[in-house]
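Colleague: Pasting entry07.csv here (CSV, C-alpha atoms):
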```csv
chain,number,residue,atom,x,y,z
H,1,MET,CA,-15.0,-16.2,22.2
H,2,TYR,CA,-13.1,-13.6,20.3
H,3,ALA,CA,-10.7,-10.9,21.4
H,4,VAL,CA,-11.5,-7.4,20.1
H,5,ALA,CA,-10.0,-4.0,20.8
H,6,GLU,CA,-11.9,-1.5,22.9
H,7,VAL,CA,-11.0,2.2,23.3
H,8,ILE,CA,-11.2,3.8,26.7
H,9,ASP,CA,-12.8,7.2,25.8
H,10,ASP,CA,-11.3,9.1,28.7
H,11,LEU,CA,-7.7,8.2,27.9
H,12,CYS,CA,-8.0,8.6,24.1
H,13,VAL,CA,-6.1,11.7,22.8
H,14,ALA,CA,-7.5,11.7,19.3
H,15,ASN,CA,-8.9,15.2,19.9
H,16,LYS,CA,-5.3,16.4,20.0
H,17,GLY,CA,-4.6,14.9,16.6
H,18,CYS,CA,-3.3,11.4,17.5
H,19,ARG,CA,-4.2,8.9,14.8
H,20,LEU,CA,-1.7,6.1,15.7
H,21,CYS,CA,-4.3,3.3,16.0
H,22,ILE,CA,-6.2,4.4,12.9
H,23,MET,CA,-3.0,4.6,11.0
H,24,TYR,CA,-1.5,1.2,11.9
H,25,CYS,CA,-4.6,-0.9,12.1
H,26,PRO,CA,-4.3,-3.5,9.3
H,27,GLU,CA,-8.0,-3.7,8.8
H,28,ALA,CA,-9.8,-1.2,6.7
H,29,ASN,CA,-12.6,0.9,8.2
H,30,THR,CA,-12.2,-0.8,11.5
H,31,ILE,CA,-10.9,2.0,13.8
H,32,ILE,CA,-12.8,5.1,12.9
H,33,PHE,CA,-12.5,8.7,14.2
H,34,ASN,CA,-15.8,9.6,15.9
H,35,LYS,CA,-16.1,13.3,15.1
H,36,GLU,CA,-18.9,14.0,17.7
H,37,LYS,CA,-17.1,12.4,20.6
H,38,GLN,CA,-13.6,13.3,19.3
H,39,VAL,CA,-12.3,9.8,20.1
H,40,ALA,CA,-11.2,6.7,18.1
H,41,GLU,CA,-13.9,4.0,17.9
H,42,VAL,CA,-13.5,0.3,17.1
H,43,VAL,CA,-16.0,-1.4,14.8
H,44,GLU,CA,-16.1,-4.7,16.6
H,45,GLU,CA,-17.5,-6.8,13.7
H,46,ARG,CA,-14.4,-6.1,11.6
H,47,CYS,CA,-11.8,-6.3,14.4
H,48,LYS,CA,-9.6,-9.4,14.1
H,49,GLY,CA,-7.9,-8.8,17.5
H,50,CYS,CA,-4.3,-8.6,16.3
H,51,GLU,CA,-3.4,-6.2,19.1
H,52,LEU,CA,-1.3,-3.8,16.9
H,53,CYS,CA,-3.4,-0.8,18.0
H,54,VAL,CA,-2.7,-1.8,21.7
H,55,VAL,CA,1.0,-1.9,20.9
H,56,VAL,CA,1.2,1.5,19.3
H,57,CYS,CA,-1.1,3.1,21.8
H,58,SER,CA,0.9,1.7,24.7
H,59,ALA,CA,4.2,2.6,23.1
H,60,ALA,CA,3.1,6.2,23.0
H,61,LYS,CA,2.1,5.9,26.7
H,62,HIS,CA,-1.6,6.7,26.1
H,63,ASN,CA,-2.7,3.2,27.1
H,64,ALA,CA,-6.2,3.9,25.8
H,65,ILE,CA,-6.9,0.6,24.0
H,66,THR,CA,-7.3,-2.8,25.6
H,67,LEU,CA,-8.3,-6.2,24.3
H,68,VAL,CA,-11.7,-7.5,25.6
H,69,HIS,CA,-13.2,-10.9,25.0
H,70,ARG,CA,-16.6,-11.0,23.5
N,71,MET,CA,-14.6,7.2,-15.7
N,72,SER,CA,-17.1,9.9,-14.7
N,73,LYS,CA,-17.4,10.3,-11.0
N,74,GLU,CA,-21.2,10.3,-11.5
N,75,ARG,CA,-21.2,6.6,-12.4
N,76,ILE,CA,-20.2,5.7,-8.8
N,77,LYS,CA,-23.6,7.0,-7.6
N,78,ILE,CA,-26.5,4.7,-7.0
N,79,ASN,CA,-29.8,4.9,-8.8
N,80,GLN,CA,-32.3,6.4,-6.3
N,81,GLU,CA,-34.8,3.6,-6.9
N,82,PHE,CA,-32.3,0.9,-5.9
N,83,TYR,CA,-30.7,2.8,-3.1
N,84,ASP,CA,-32.4,1.0,-0.3
N,85,ILE,CA,-31.6,-2.5,-1.5
N,86,MET,CA,-27.9,-1.8,-2.0
N,87,PRO,CA,-25.5,-3.2,0.7
N,88,VAL,CA,-24.7,-0.7,3.5
N,89,GLU,CA,-21.0,-0.8,2.7
N,90,TYR,CA,-21.7,0.2,-0.9
N,91,GLN,CA,-23.9,3.1,0.3
N,92,GLU,CA,-21.2,4.3,2.6
N,93,LEU,CA,-18.7,4.1,-0.2
N,94,VAL,CA,-20.8,6.3,-2.4
N,95,GLU,CA,-21.6,8.8,0.5
N,96,GLU,CA,-18.2,9.0,2.1
N,97,GLY,CA,-15.7,7.6,-0.4
N,98,THR,CA,-12.9,9.8,-1.5
N,99,TYR,CA,-13.3,9.5,-5.3
N,100,GLY,CA,-12.4,12.7,-7.1
N,101,LYS,CA,-11.1,14.4,-3.9
N,102,GLU,CA,-8.1,16.7,-4.4
N,103,GLY,CA,-5.0,15.9,-2.3
N,104,ARG,CA,-6.0,12.4,-1.2
N,105,GLY,CA,-3.7,10.9,1.4
N,106,TRP,CA,-3.4,8.7,4.5
N,107,LYS,CA,-5.0,11.5,6.6
N,108,ASP,CA,-8.3,10.6,5.0
N,109,VAL,CA,-8.1,7.2,6.6
N,110,GLY,CA,-10.4,6.9,9.6
N,111,GLU,CA,-12.5,10.0,8.6
N,112,SER,CA,-13.9,8.8,5.3
N,113,LYS,CA,-14.7,5.4,3.7
N,114,GLU,CA,-11.7,3.5,2.6
N,115,LEU,CA,-11.6,1.8,-0.8
N,116,ILE,CA,-10.9,-1.6,0.7
N,117,GLU,CA,-13.4,-3.6,2.8
N,118,GLU,CA,-13.2,-6.7,5.0
N,119,HIS,CA,-10.2,-8.3,3.3
N,120,SER,CA,-9.3,-11.9,4.1
N,121,LEU,CA,-5.6,-11.5,5.1
N,122,CYS,CA,-4.3,-12.7,8.5
N,123,ALA,CA,-4.8,-10.6,11.6
N,124,GLY,CA,-2.0,-8.1,11.9
N,125,CYS,CA,-0.6,-8.7,8.4
N,126,PRO,CA,1.6,-5.7,7.4
N,127,GLU,CA,0.7,-6.3,3.8
N,128,SER,CA,-2.8,-5.1,4.6
N,129,ILE,CA,-1.4,-1.9,6.2
N,130,ALA,CA,0.5,-1.4,2.9
N,131,PHE,CA,-2.7,-2.0,0.9
N,132,ARG,CA,-4.6,0.6,3.0
N,133,TYR,CA,-1.9,3.2,2.4
N,134,VAL,CA,-1.6,2.5,-1.3
N,135,LEU,CA,-5.3,2.8,-1.9
N,136,ALA,CA,-5.6,5.9,0.3
N,137,CYS,CA,-2.8,7.6,-1.7
N,138,LEU,CA,-3.8,6.9,-5.3
N,139,PRO,CA,-4.1,10.4,-6.8
N,140,ALA,CA,-7.2,9.5,-8.9
N,141,PRO,CA,-8.7,6.2,-7.9
N,142,GLU,CA,-11.7,6.5,-10.3
N,143,ASP,CA,-9.3,6.7,-13.3
N,144,THR,CA,-6.9,4.0,-12.0
N,145,ILE,CA,-6.7,0.4,-13.1
N,146,MET,CA,-4.7,-1.9,-10.9
N,147,VAL,CA,-3.1,-5.1,-12.3
N,148,GLY,CA,-2.6,-7.8,-9.7
N,149,SER,CA,-1.0,-11.2,-9.8
N,150,THR,CA,-1.2,-14.5,-7.9
N,151,GLY,CA,-0.3,-14.4,-4.2
N,152,CYS,CA,-1.7,-12.9,-1.1
N,153,THR,CA,-2.4,-9.6,-3.0
N,154,SER,CA,-4.8,-11.5,-5.2
N,155,LEU,CA,-6.9,-12.4,-2.2
N,156,VAL,CA,-7.4,-8.7,-1.5
N,157,PHE,CA,-8.3,-7.4,-5.0
N,158,PRO,CA,-11.9,-8.8,-4.8
N,159,HIS,CA,-12.4,-6.5,-1.8
N,160,VAL,CA,-11.0,-3.3,-3.5
N,161,ALA,CA,-13.2,-0.6,-4.9
N,162,VAL,CA,-10.8,0.3,-7.7
N,163,HIS,CA,-10.9,-1.3,-11.2
N,164,ASN,CA,-8.5,-4.2,-11.2
N,165,ILE,CA,-7.4,-7.1,-13.4
N,166,HIS,CA,-6.0,-10.4,-12.2
N,167,SER,CA,-3.3,-11.7,-14.5
N,168,LEU,CA,-1.5,-15.0,-14.8
N,169,PHE,CA,1.4,-15.4,-12.4
N,170,GLY,CA,4.3,-13.2,-13.6
N,171,ASN,CA,2.4,-11.7,-16.5
N,172,GLN,CA,1.3,-8.5,-14.7
N,173,ASN,CA,3.7,-6.1,-16.4
N,174,ALA,CA,2.9,-7.4,-19.8
N,175,VAL,CA,-0.8,-7.1,-19.2
N,176,ALA,CA,-0.3,-3.6,-17.9
N,177,SER,CA,1.7,-2.6,-21.0
N,178,GLY,CA,-1.2,-3.7,-23.3
N,179,LEU,CA,-3.7,-2.1,-21.0
N,180,LYS,CA,-1.9,1.3,-20.9
N,181,ARG,CA,-1.6,1.4,-24.7
N,182,ALA,CA,-5.3,0.4,-25.2
N,183,LEU,CA,-6.4,3.1,-22.7
N,184,SER,CA,-4.4,5.7,-24.5
N,185,TYR,CA,-6.1,4.8,-27.8
N,186,ARG,CA,-9.6,4.6,-26.2
N,187,PHE,CA,-9.3,7.7,-24.0
N,188,PRO,CA,-6.8,10.0,-25.7
N,189,ASP,CA,-8.0,13.1,-23.9
N,190,LYS,CA,-8.0,11.6,-20.4
N,191,VAL,CA,-5.4,10.7,-17.8
N,192,LYS,CA,-5.6,7.0,-17.0
N,193,ASP,CA,-3.2,5.5,-14.4
N,194,VAL,CA,-2.2,1.9,-14.5
N,195,VAL,CA,-0.6,0.5,-11.3
N,196,VAL,CA,0.9,-3.0,-11.1
N,197,LEU,CA,0.7,-4.4,-7.6
N,198,ALA,CA,2.3,-7.8,-7.1
N,199,GLY,CA,4.3,-9.8,-4.7
N,200,ASP,CA,8.0,-10.5,-4.9
N,201,GLY,CA,7.6,-13.9,-6.4
N,202,ALA,CA,5.6,-12.5,-9.3
N,203,THR,CA,7.9,-9.5,-9.8
N,204,VAL,CA,11.3,-11.0,-9.3
N,205,ASP,CA,11.2,-14.7,-9.9
N,206,ILE,CA,8.4,-15.7,-12.2
N,207,GLY,CA,7.8,-12.4,-13.9
N,208,LEU,CA,11.3,-10.9,-14.0
N,209,ASP,CA,11.3,-11.1,-17.8
N,210,MET,CA,8.1,-9.2,-18.2
N,211,THR,CA,9.0,-6.7,-15.5
N,212,LEU,CA,12.4,-5.8,-17.0
N,213,GLN,CA,11.1,-5.7,-20.6
N,214,SER,CA,8.3,-3.3,-19.7
N,215,TRP,CA,11.0,-1.0,-18.1
N,216,PHE,CA,13.3,-1.3,-21.2
N,217,ARG,CA,10.3,-0.3,-23.4
N,218,GLN,CA,9.7,2.7,-21.2
N,219,GLU,CA,6.0,1.8,-20.6
N,220,LYS,CA,4.4,4.5,-18.6
N,221,PHE,CA,3.0,2.8,-15.5
N,222,THR,CA,3.9,2.2,-11.9
N,223,THR,CA,5.1,-1.1,-10.6
N,224,ILE,CA,4.7,-1.7,-6.9
N,225,CYS,CA,6.3,-4.8,-5.4
N,226,PHE,CA,5.1,-6.1,-2.0
N,227,ASP,CA,8.4,-7.7,-0.8
N,228,ASN,CA,7.8,-10.3,1.9
N,229,GLU,CA,11.0,-12.1,1.0
N,230,LEU,CA,9.4,-15.5,0.4
N,231,TYR,CA,6.5,-17.3,-1.1
N,232,ALA,CA,4.2,-16.8,1.9
N,233,ASN,CA,1.0,-18.1,0.4
N,234,THR,CA,2.3,-21.6,-0.3
N,235,GLY,CA,4.1,-22.2,3.0
N,236,GLY,CA,7.4,-20.3,2.9
N,237,GLN,CA,9.6,-21.3,-0.1
N,238,SER,CA,12.6,-19.2,-0.8
N,239,SER,CA,12.3,-16.4,-3.4
N,240,GLY,CA,14.8,-14.3,-5.2
N,241,LEU,CA,14.3,-11.4,-2.8
N,242,MET,CA,14.9,-13.5,0.3
N,243,GLN,CA,18.0,-12.4,2.3
N,244,LYS,CA,21.1,-14.7,2.2
N,245,GLY,CA,21.2,-17.4,4.7
N,246,PHE,CA,17.6,-17.1,5.8
N,247,VAL,CA,15.9,-20.4,6.8
N,248,ALA,CA,12.2,-20.7,6.1
N,249,LYS,CA,9.8,-23.6,6.6
N,250,MET,CA,10.1,-24.8,3.0
N,251,ALA,CA,13.7,-23.7,2.6
N,252,PRO,CA,15.5,-25.6,5.4
N,253,ALA,CA,19.0,-25.4,3.9
N,254,GLY,CA,18.9,-21.6,3.9
N,255,LYS,CA,19.1,-19.2,1.0
N,256,LYS,CA,22.3,-19.7,-1.0
N,257,PHE,CA,22.7,-16.4,-2.7
N,258,ASP,CA,22.2,-12.7,-2.0
N,259,LYS,CA,18.9,-10.8,-2.2
N,260,VAL,CA,18.4,-9.7,-5.8
N,261,PRO,CA,19.1,-6.0,-6.0
N,262,LEU,CA,16.0,-5.1,-7.9
N,263,PRO,CA,16.0,-1.3,-7.1
N,264,GLU,CA,19.5,-1.1,-8.6
N,265,ILE,CA,18.4,-3.1,-11.6
N,266,ALA,CA,15.4,-0.8,-12.0
N,267,LYS,CA,17.6,2.2,-12.0
N,268,SER,CA,19.8,0.9,-14.8
N,269,SER,CA,16.8,-0.5,-16.7
N,270,GLY,CA,15.3,2.9,-17.3
N,271,CYS,CA,13.0,3.5,-14.3
N,272,HIS,CA,12.7,7.2,-13.6
N,273,TYR,CA,11.6,7.0,-10.0
N,274,VAL,CA,12.7,4.1,-7.7
N,275,VAL,CA,12.0,3.8,-4.0
N,276,LYS,CA,12.8,1.1,-1.6
N,277,MET,CA,11.3,1.3,1.9
N,278,THR,CA,9.0,-0.3,4.6
N,279,VAL,CA,5.5,0.8,5.2
N,280,SER,CA,6.1,1.9,8.8
N,281,LYS,CA,5.8,5.6,7.9
N,282,PRO,CA,2.5,6.5,6.1
N,283,ASN,CA,3.6,10.0,5.1
N,284,ARG,CA,6.6,8.6,3.2
N,285,VAL,CA,4.5,6.0,1.5
N,286,GLU,CA,2.1,8.7,0.5
N,287,LYS,CA,4.8,10.8,-1.0
N,288,ALA,CA,6.3,7.9,-2.9
N,289,ILE,CA,3.1,6.5,-4.3
N,290,ARG,CA,1.9,9.9,-5.4
N,291,GLU,CA,5.2,10.9,-7.0
N,292,ALA,CA,5.6,7.5,-8.7
N,293,ILE,CA,2.2,7.8,-10.3
N,294,LEU,CA,2.7,11.4,-11.4
N,295,VAL,CA,6.1,10.5,-13.0
N,296,ALA,CA,4.6,7.5,-14.7
N,297,ARG,CA,1.9,9.7,-16.3
N,298,GLU,CA,4.4,11.9,-18.0
N,299,VAL,CA,7.9,10.6,-18.0
N,300,GLY,CA,8.3,6.8,-17.8
N,301,PRO,CA,8.2,3.7,-15.7
N,302,THR,CA,8.5,3.9,-12.0
N,303,TYR,CA,9.2,1.2,-9.3
N,304,ILE,CA,8.4,1.0,-5.6
N,305,GLN,CA,9.5,-1.8,-3.4
N,306,LEU,CA,7.7,-2.0,-0.1
N,307,TYR,CA,8.8,-4.4,2.7
N,308,THR,CA,5.7,-6.1,4.0
N,309,PRO,CA,7.0,-9.0,6.1
N,310,CYS,CA,4.9,-12.2,6.4
N,311,ILE,CA,4.6,-12.5,10.2
N,312,LEU,CA,3.6,-16.2,10.0
N,313,GLU,CA,6.5,-17.3,7.9
N,314,ILE,CA,9.2,-15.5,9.8
N,315,GLY,CA,7.9,-16.7,13.1
N,316,LYS,CA,6.5,-13.4,14.6
N,317,GLN,CA,3.4,-12.8,16.7
N,318,MET,CA,0.6,-10.9,15.0
N,319,MET,CA,1.3,-7.7,16.8
N,320,GLU,CA,5.0,-7.7,15.9
N,321,GLY,CA,4.8,-6.9,12.3
N,322,LEU,CA,5.3,-3.1,12.8
N,323,GLN,CA,8.3,-3.6,14.9
N,324,GLU,CA,9.8,-6.0,12.4
N,325,MET,CA,9.5,-3.3,9.7
N,326,ARG,CA,11.0,-0.6,12.0
N,327,ASP,CA,13.9,-3.0,12.8
N,328,SER,CA,14.7,-3.5,9.1
N,329,GLU,CA,14.8,0.1,8.0
N,330,GLY,CA,17.6,1.4,10.3
N,331,PRO,CA,20.9,2.6,8.9
N,332,ASN,CA,22.7,0.0,6.8
N,333,LYS,CA,19.8,-2.4,7.2
N,334,ARG,CA,18.4,-4.0,4.0
N,335,PHE,CA,15.3,-1.7,3.8
N,336,GLU,CA,17.0,1.6,4.6
N,337,PHE,CA,15.0,4.3,2.8
N,338,GLU,CA,16.4,4.7,-0.7
N,339,GLU,CA,15.1,7.0,-3.4
N,340,TYR,CA,16.3,7.5,-6.9
N,341,VAL,CA,14.8,10.3,-9.1
N,342,SER,CA,16.1,10.8,-12.6
N,343,ASP,CA,16.8,14.3,-13.8
N,344,GLU,CA,13.9,14.2,-16.2
N,345,ALA,CA,11.5,13.1,-13.4
N,346,ARG,CA,12.9,15.7,-11.0
N,347,ALA,CA,12.3,18.5,-13.5
N,348,TYR,CA,8.7,17.3,-13.9
N,349,LEU,CA,8.1,16.9,-10.2
N,350,ASP,CA,9.4,20.5,-9.6
N,351,THR,CA,6.7,21.8,-12.0
N,352,VAL,CA,4.0,19.7,-10.2
N,353,ASN,CA,4.9,20.8,-6.6
N,354,PRO,CA,6.7,24.1,-6.9
N,355,LYS,CA,5.5,25.5,-3.6
N,356,LYS,CA,6.9,22.6,-1.5
N,357,ARG,CA,10.3,22.8,-3.2
N,358,LYS,CA,10.6,26.5,-2.4
N,359,ARG,CA,9.8,26.0,1.2
N,360,LYS,CA,12.4,23.3,1.6
N,361,LYS,CA,15.1,25.4,0.0
N,362,ALA,CA,14.2,28.3,2.3
N,363,ILE,CA,14.7,26.2,5.4
N,364,VAL,CA,18.1,25.0,4.2
N,365,THR,CA,19.4,28.6,3.6
N,366,LYS,CA,18.5,29.7,7.1
```
Give the structure from this file in structure tokens form.
Modeller:
Amino acid sequence: MYAVAEVIDDLCVANKGCRLCIMYCPEANTIIFNKEKQVAEVVEERCKGCELCVVVCSAAKHNAITLVHR
Amino acid sequence: MSKERIKINQEFYDIMPVEYQELVEEGTYGKEGRGWKDVGESKELIEEHSLCAGCPESIAFRYVLACLPAPEDTIMVGSTGCTSLVFPHVAVHNIHSLFGNQNAVASGLKRALSYRFPDKVKDVVVLAGDGATVDIGLDMTLQSWFRQEKFTTICFDNELYANTGGQSSGLMQKGFVAKMAPAGKKFDKVPLPEIAKSSGCHYVVKMTVSKPNRVEKAIREAILVAREVGPTYIQLYTPCILEIGKQMMEGLQEMRDSEGPNKRFEFEEYVSDEARAYLDTVNPKKRKRKKAIVTK
């Protein structure tokens, strides 16, 4: 069982220009800005579950990312 | 290198890996004004590296690769360490050198490139850890600065030999106890930025990678200065979360804690007069705007 990040679309404020999780994710091409839905999107195969995106998103009080077990 | 050479022959397109197809379709080769804002909206030049989860060094790698002004004409020289684990996953030409030899290899490479491609601009960027730059390769590093070799040296400073279990390095802070340095470091952190200034570097920056816009500015200006003026040096703090006993999500906070006023990674920038004059010709608009704000 692995922990991976998951974005809650309704809470994500990427449409307002927030790029915190995309910026601070240590993995390349893992959190991607979905231009159609205007939200951040996690590519689960590449996510190592380090929780940095959860930390930066929660620190900005968006709380739009959680860790889920797959 | 011509940007056309990054394209895939149509007959072989369908058998190429998906990642490679994405790189050709959405990569940022040849794009004007590359920067960290491309991250997340286009394909990055690094893919599925093998560094630990939450490693700040991989954040630094992403920013450095996103901010190279001309990746298709850049050759990176790496050295032994955690950085050498990432280079096989990087879509920029790179050379692995013997431990500590990176600046000597880069000197030869830069000269050979200027003979082979006299009409083109080719950037050489050295990217090595603190062990390669300061302990084992200090000789080569300093000599390349004395000789005014025109390339950029980037040091990923994690303050110890992380890859081999945490031995003390010259850049470790005084008194720090690591797994393989139980007695604590006996002498002060080597002041390499100061040494770089007095050794002839024209652009020296010391900082952490917690602010991507600052990293972008530093990398871009260092490479531009290295093209025309002389050697440049950037020291980035990329803590090893495993060896300093942090959790995987604490790397960013560790960097923020170390860059406050009077901390050891407080932002420091040195630009020589020559480099400043050159940078003013490259970004004249930005300079004017800044001056206007000051006069108000």
Colleague: If we count all atoms listed in the file, which residues of chain N reach to within 9 Å of chain H? Please list them as a PyMOL selection string.
Modeller: chain N and resi 106-107+109-119+121-133+280+282+317-322
Colleague: Can you tell me, as an mmCIF file with C-alpha atoms, in the coordinates of the input, what residues are no more than 8 Å from N:Gly240 when counting all atoms listed in the file, ignoring any on the same chain fewer than 3 positions away?
Modeller:
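File written: around.cif
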```
data_model
loop_
_atom_site.group_PDB
_atom_site.id
_atom_site.type_symbol
_atom_site.label_atom_id
_atom_site.label_comp_id
_atom_site.auth_asym_id
_atom_site.auth_seq_id
_atom_site.Cartn_x
_atom_site.Cartn_y
_atom_site.Cartn_z
ATOM 1 C CA ASP N 200 8.000 -10.500 -4.900
ATOM 2 C CA GLY N 201 7.600 -13.900 -6.400
ATOM 3 C CA VAL N 204 11.300 -11.000 -9.300
ATOM 4 C CA ASP N 205 11.200 -14.700 -9.900
ATOM 5 C CA GLU N 229 11.000 -12.100 1.000
ATOM 6 C CA LEU N 230 9.400 -15.500 0.400
ATOM 7 C CA LYS N 259 18.900 -10.800 -2.200
ATOM 8 C CA VAL N 260 18.400 -9.700 -5.800
#
```
Colleague: List as a ChimeraX atom specification the residues having at least one atom at most 9 Å from position (-1.5, -13.7, -9.8) as given in the file, counting all atoms listed in the file.
Modeller: /N:148-154,166-172,198-199,202
Colleague: In Å, rounded to a single decimal, give me how far atom CA of N:Leu312 is from atom CA of N:Ala232.
Modeller: 8.1 Å
Colleague: List as a PyMOL selection string the protein and nucleic acid residues near H:Glu6, meaning an atom at most 9 Å away when all atoms listed in the file are counted, but skip any in the same chain fewer than 4 places from it.
Modeller: chain H and resi 41-42+44+64-68
Colleague: Next, dump the selected residues to file, keeping only C-alpha atoms, as a tab-separated table (two decimals), keeping the file's coordinate frame.
Modeller:
```
chain	number	residue	atom	x	y	z
H	41	GLU	CA	-13.90	4.00	17.90
H	42	VAL	CA	-13.50	0.30	17.10
H	44	GLU	CA	-16.10	-4.70	16.60
H	64	ALA	CA	-6.20	3.90	25.80
H	65	ILE	CA	-6.90	0.60	24.00
H	66	THR	CA	-7.30	-2.80	25.60
H	67	LEU	CA	-8.30	-6.20	24.30
H	68	VAL	CA	-11.70	-7.50	25.60
```
